[in-house]
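J.: Here it is, the structure, as structure tokens.
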Amino acid sequence: MVPTPVFELFGRPVYLYGIFIAVGIIVCMVVFFLYTAKANMRREVQDFAFYIAILAIIGGFAAAWFFQVMYNWIETGVLNWGSTAITAMGGFIGGAVFFVAFYFGIGALVFKGEKKNYHKDDFNTILRVAPICITIAHAFGRLGCLMAGCCHGAYLGTEYVVGGIWMHCDSNGWGFYVPTQLYEALFLFVLFAVLSIMYFKRSNITHVVYLAGYGIWRFVIEFFRTDARGFTFLGLAPSQWQSFVFIAGAIAILIIFFVKKIPFKVEIRKREQVVKEKSTPETDAK
């Protein structure tokens, strides 16, 4: 809707797309700290996870770019490393892989001695809160897409059609389009609220609901998108095939929960326990 820069910063143009992405990341981090504090996560792990998340975000953007380059290469046969297009699903997958690898790899070096395995003990809390953080960041990101005119639905012409909004897209210029970005943003805000309620009710399956819920949503909304998304296979876009992976992952986790009899609710560690765990033999003696 606003394809032109809104202002300049240090001589470089700043777009609403970038502003919404930045807001999404900031809100994501704030949610992480507030929600993990509510679960009485150790401060050492909280700070450590914050820095790992920054690395994972960078890795996620790199993965989002790499996935889209590969999609375009498969579709056109041209390998364009200079492309600036990204795909959200590729970013989520890459970001998750980077986070887990860094979290446990670097964590093994950081948490030693009296703090050994602190990061492992608190990982389930991160697993519960991560999909909530991803969802709210993604919601703002989709609003950014709306501002940029990417990830849009069908072009409806220059006359108003119910369900369409006026925006600028590279394919047809200004006109009325199906705002799939807006619909997805609204869905993600609702999903954020649902996951948050589950989290504060001590649910242990927020990640399952996220994988299944977003997987189903993304599979369906892709049918209404008409922007360039790379190759199709058997009539389905890459994100739809990845949606199957999300849904299959949710089912697999549920099966593990039932087989291993993992509780669907967690016990929140009391703050007194956290303080006691931080105390040393010397301070106890005093």
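Naming works like this for the structure tokens: A, B, ... for the chains as they're shown, residue 1 at the start of each chain, ligands 1 onward in shown order.
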Pick out the residues sitting within 10 Å of A:Pro5, and hand them over as a list in words; count only C-alpha atoms, and ignore anything fewer than 3 positions along from it in its own chain.

T.: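 Residues near the query, excluding close chain neighbours: Val2, Glu8, Arg12, Pro13, Val14, Tyr15, Leu16, Tyr17 and Gly18 of chain A.
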
J.: Kindly export the residues of the current selection with C-alpha atoms, as a PDB file, in the first residue's frame.

T.:
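File produced: part-v2.pdb:
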ATOM      1  CA  VAL A   2       2.972   2.298   0.608  1.00  0.00           C
ATOM      2  CA  GLU A   8      15.558   8.412   5.122  1.00  0.00           C
ATOM      3  CA  ARG A  12      19.198   5.299   3.151  1.00  0.00           C
ATOM      4  CA  PRO A  13      15.471   4.948   2.395  1.00  0.00           C
ATOM      5  CA  VAL A  14      13.276   3.387   5.093  1.00  0.00           C
ATOM      6  CA  TYR A  15      10.094   1.578   4.067  1.00  0.00           C
ATOM      7  CA  LEU A  16       7.057   0.644   6.135  1.00  0.00           C
ATOM      8  CA  TYR A  17       7.843  -2.985   5.328  1.00  0.00           C
ATOM      9  CA  GLY A  18      11.129  -2.744   7.235  1.00  0.00           C
TER      10      GLY A  18
END

J.: Extract, using only C-alpha atoms, all DNA, RNA and protein residues at most 9 Å from A:Cys150, discarding same-chain residues fewer than 6 positions from it, and format them as a ChimeraX atom specification.

T.: /A:144,168-170,181,227-228

J.: One number please: atom CA of A:Ile262 to atom CA of A:Trp217, in Å, one decimal.

T.: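 Here the two named atoms are 27.1 Å from each other.
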
J.: Could you tell me which of A:Ala250, A:Ile86, A:Ile52, A:Val69 comes closest to A:Val100 if we count only C-alpha atoms?

T.: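 Residue with the minimum atom-to-atom distance to A:Val100: A:Ile52.
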
J.: Using only C-alpha atoms, pick whichever of A:Ile93, A:Gly107, A:Leu127, A:Phe233 has the shortest atom-to-atom distance to A:Val245.

T.: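 Of A:Ile93, A:Gly107, A:Leu127, A:Phe233, the one nearest A:Val245 is A:Ile93, counting only C-alpha atoms.
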
J.: Write out as a ChimeraX atom specification each polymer residue whose atoms come within 7 Å of A:Pro131, counting only C-alpha atoms; drop sequence neighbours fewer than 3 positions from it.

T.: /A:128,134-135,206-207,210

J.: Which residue gives the smallest distance to A:Ala37 among A:Thr232, A:Thr87, A:Thr125, A:Asn172, with only C-alpha atoms counted?

T.: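 Under the stated criterion, the closest residue is A:Thr125.
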
J.: Need the shell around A:Ser171: protein/DNA/RNA residues with any atom at most 12 Å away, counting only C-alpha atoms. Skip same-chain ones fewer than 5 positions apart. Format as a ChimeraX atom specification?

T.: /A:149-155,177,226-228

J.: As an exercise, work out the distance from atom CA of A:Val178 to atom CA of A:Ala88 in Å and give it to one decimal place.

T.: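 Interatomic distance here is 19.2 Å.
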
J.: Report, in Å to a single decimal, how far apart atom CA of A:Phe140 and atom CA of A:Asn80 are.

T.: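 That distance, rounded to one decimal, is 28.0 Å.
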
J.: Running DSSP on the backbone, which parts of stretch 31-139 of chain A land in helix (DSSP H, G or I), as number ranges by chain?

T.: A: 31-38, 43-76, 88-110, 113-115, 118-121, 123-139

J.: List every residue of stretch 95-261 of chain A that DSSP, applied to the backbone of this structure, assigns to strand (DSSP E or B), and report them as a ChimeraX atom specification.

T.: /A:153,155-157,165-169,173-177,203,225,233,236

J.: Please write the residues from the selection above to a file, keeping N, CA and C atoms, as a PDB file, in the first residue's frame.

T.:
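Here's the written file out.pdb:
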ATOM      1  N   GLY A 153      -3.027 -11.461  -2.966  1.00  0.00           N
ATOM      2  CA  GLY A 153      -3.960 -12.360  -3.624  1.00  0.00           C
ATOM      3  C   GLY A 153      -4.314 -11.858  -5.011  1.00  0.00           C
ATOM      4  N   TYR A 155      -5.664 -10.133  -8.380  1.00  0.00           N
ATOM      5  CA  TYR A 155      -5.932  -8.773  -8.840  1.00  0.00           C
ATOM      6  C   TYR A 155      -7.404  -8.686  -9.222  1.00  0.00           C
ATOM      7  N   LEU A 156      -8.121  -7.688  -8.694  1.00  0.00           N
ATOM      8  CA  LEU A 156      -9.565  -7.578  -8.895  1.00  0.00           C
ATOM      9  C   LEU A 156      -9.950  -6.454  -9.849  1.00  0.00           C
ATOM     10  N   GLY A 157      -8.968  -5.702 -10.309  1.00  0.00           N
ATOM     11  CA  GLY A 157      -9.250  -4.601 -11.225  1.00  0.00           C
ATOM     12  C   GLY A 157      -9.171  -3.254 -10.530  1.00  0.00           C
ATOM     13  N   ILE A 165      -8.818  -4.673  -1.355  1.00  0.00           N
ATOM     14  CA  ILE A 165      -8.357  -3.357  -0.912  1.00  0.00           C
ATOM     15  C   ILE A 165      -7.423  -2.780  -1.969  1.00  0.00           C
ATOM     16  N   TRP A 166      -7.318  -1.470  -1.970  1.00  0.00           N
ATOM     17  CA  TRP A 166      -6.500  -0.750  -2.948  1.00  0.00           C
ATOM     18  C   TRP A 166      -5.041  -0.816  -2.520  1.00  0.00           C
ATOM     19  N   MET A 167      -4.187  -1.333  -3.381  1.00  0.00           N
ATOM     20  CA  MET A 167      -2.761  -1.405  -3.066  1.00  0.00           C
ATOM     21  C   MET A 167      -1.952  -1.441  -4.346  1.00  0.00           C
ATOM     22  N   HIS A 168      -0.652  -1.310  -4.201  1.00  0.00           N
ATOM     23  CA  HIS A 168       0.260  -1.371  -5.343  1.00  0.00           C
ATOM     24  C   HIS A 168       1.046  -2.667  -5.285  1.00  0.00           C
ATOM     25  N   CYS A 169       1.040  -3.404  -6.397  1.00  0.00           N
ATOM     26  CA  CYS A 169       1.826  -4.630  -6.504  1.00  0.00           C
ATOM     27  C   CYS A 169       2.612  -4.591  -7.804  1.00  0.00           C
ATOM     28  N   GLY A 173       0.531  -3.184 -10.819  1.00  0.00           N
ATOM     29  CA  GLY A 173       0.515  -1.801 -10.371  1.00  0.00           C
ATOM     30  C   GLY A 173      -0.597  -1.546  -9.369  1.00  0.00           C
ATOM     31  N   TRP A 174      -1.134  -0.321  -9.377  1.00  0.00           N
ATOM     32  CA  TRP A 174      -2.200   0.029  -8.446  1.00  0.00           C
ATOM     33  C   TRP A 174      -3.520  -0.612  -8.868  1.00  0.00           C
ATOM     34  N   GLY A 175      -4.279  -1.052  -7.860  1.00  0.00           N
ATOM     35  CA  GLY A 175      -5.581  -1.649  -8.128  1.00  0.00           C
ATOM     36  C   GLY A 175      -6.112  -2.308  -6.873  1.00  0.00           C
ATOM     37  N   PHE A 176      -7.246  -2.963  -7.029  1.00  0.00           N
ATOM     38  CA  PHE A 176      -7.832  -3.703  -5.910  1.00  0.00           C
ATOM     39  C   PHE A 176      -7.345  -5.152  -5.969  1.00  0.00           C
ATOM     40  N   TYR A 177      -6.880  -5.655  -4.819  1.00  0.00           N
ATOM     41  CA  TYR A 177      -6.374  -7.021  -4.709  1.00  0.00           C
ATOM     42  C   TYR A 177      -7.012  -7.713  -3.505  1.00  0.00           C
ATOM     43  N   SER A 203      -0.313 -24.949  29.501  1.00  0.00           N
ATOM     44  CA  SER A 203      -0.364 -25.969  28.460  1.00  0.00           C
ATOM     45  C   SER A 203       1.046 -26.350  28.012  1.00  0.00           C
ATOM     46  N   ARG A 225      -3.388 -16.889  -3.115  1.00  0.00           N
ATOM     47  CA  ARG A 225      -2.284 -15.999  -3.471  1.00  0.00           C
ATOM     48  C   ARG A 225      -1.952 -16.124  -4.952  1.00  0.00           C
ATOM     49  N   PHE A 233       4.651 -28.034  -7.597  1.00  0.00           N
ATOM     50  CA  PHE A 233       4.795 -29.464  -7.821  1.00  0.00           C
ATOM     51  C   PHE A 233       3.462 -30.126  -7.530  1.00  0.00           C
ATOM     52  N   LEU A 236       0.876 -27.734  -6.228  1.00  0.00           N
ATOM     53  CA  LEU A 236       1.024 -27.112  -4.904  1.00  0.00           C
ATOM     54  C   LEU A 236       2.317 -26.308  -4.831  1.00  0.00           C
TER      55      LEU A 236
END

J.: Quick one: residues within 10 Å of A:Ala108, only C-alpha atoms, excluding same-chain residues fewer than 5 positions away - as a list in words?

T.: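 Listed by chain and then number, they are Phe102, Tyr103, Lys116, Asn117, Tyr118, His119 and Lys120 of chain A.
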
J.: Nearest to A:Val97 among A:Leu254, A:Leu79, A:Ala85, A:Ala53, with distances taken over only C-alpha atoms: which residue is it?

T.: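 With only C-alpha atoms as the atom set, the closest residue is A:Ala53.
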
J.: Fewer than 5 positions away in the same chain doesn't count, so skip those; otherwise give me all residues within 12 Å of A:Gly82, counting only C-alpha atoms, as a PDB file with C-alpha atoms, in the first residue's frame.

T.:
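Saved to around-v4.pdb:
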ATOM      1  CA  TRP A  65      16.579 -15.813   1.240  1.00  0.00           C
ATOM      2  CA  PHE A  66      18.328 -19.100   0.369  1.00  0.00           C
ATOM      3  CA  GLN A  68      13.578 -18.441  -2.224  1.00  0.00           C
ATOM      4  CA  VAL A  69      16.698 -18.440  -4.400  1.00  0.00           C
ATOM      5  CA  ASN A  72      13.352 -19.489  -8.268  1.00  0.00           C
TER       6      ASN A  72
END

J.: Contacts of A:Leu188 at 8 Å or less, counting only C-alpha atoms, minus same-chain residues fewer than 5 places along, as a list of chain:residue names?

T.: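 Using only C-alpha atoms, the neighbours found are A:Thr135, A:Ile136, A:His138, A:Ala139.
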
J.: Give me a file of those residues, with N, CA and C atoms, as a compact mmCIF listing (two decimals), in the first residue's frame.

T.:
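Output contents, as saved in part_3.txt:
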# COMPACT_ATOMS: atom_id res chain seq x y z
N THR A 135 4.76 -16.27 16.26
CA THR A 135 3.46 -15.87 15.74
C THR A 135 3.28 -14.36 15.76
N ILE A 136 3.65 -13.71 16.86
CA ILE A 136 3.45 -12.26 16.93
C ILE A 136 4.40 -11.52 16.00
N HIS A 138 5.55 -12.73 13.20
CA HIS A 138 5.04 -13.02 11.86
C HIS A 138 3.83 -12.15 11.54
N ALA A 139 2.98 -11.91 12.53
CA ALA A 139 1.79 -11.08 12.32
C ALA A 139 2.19 -9.68 11.87
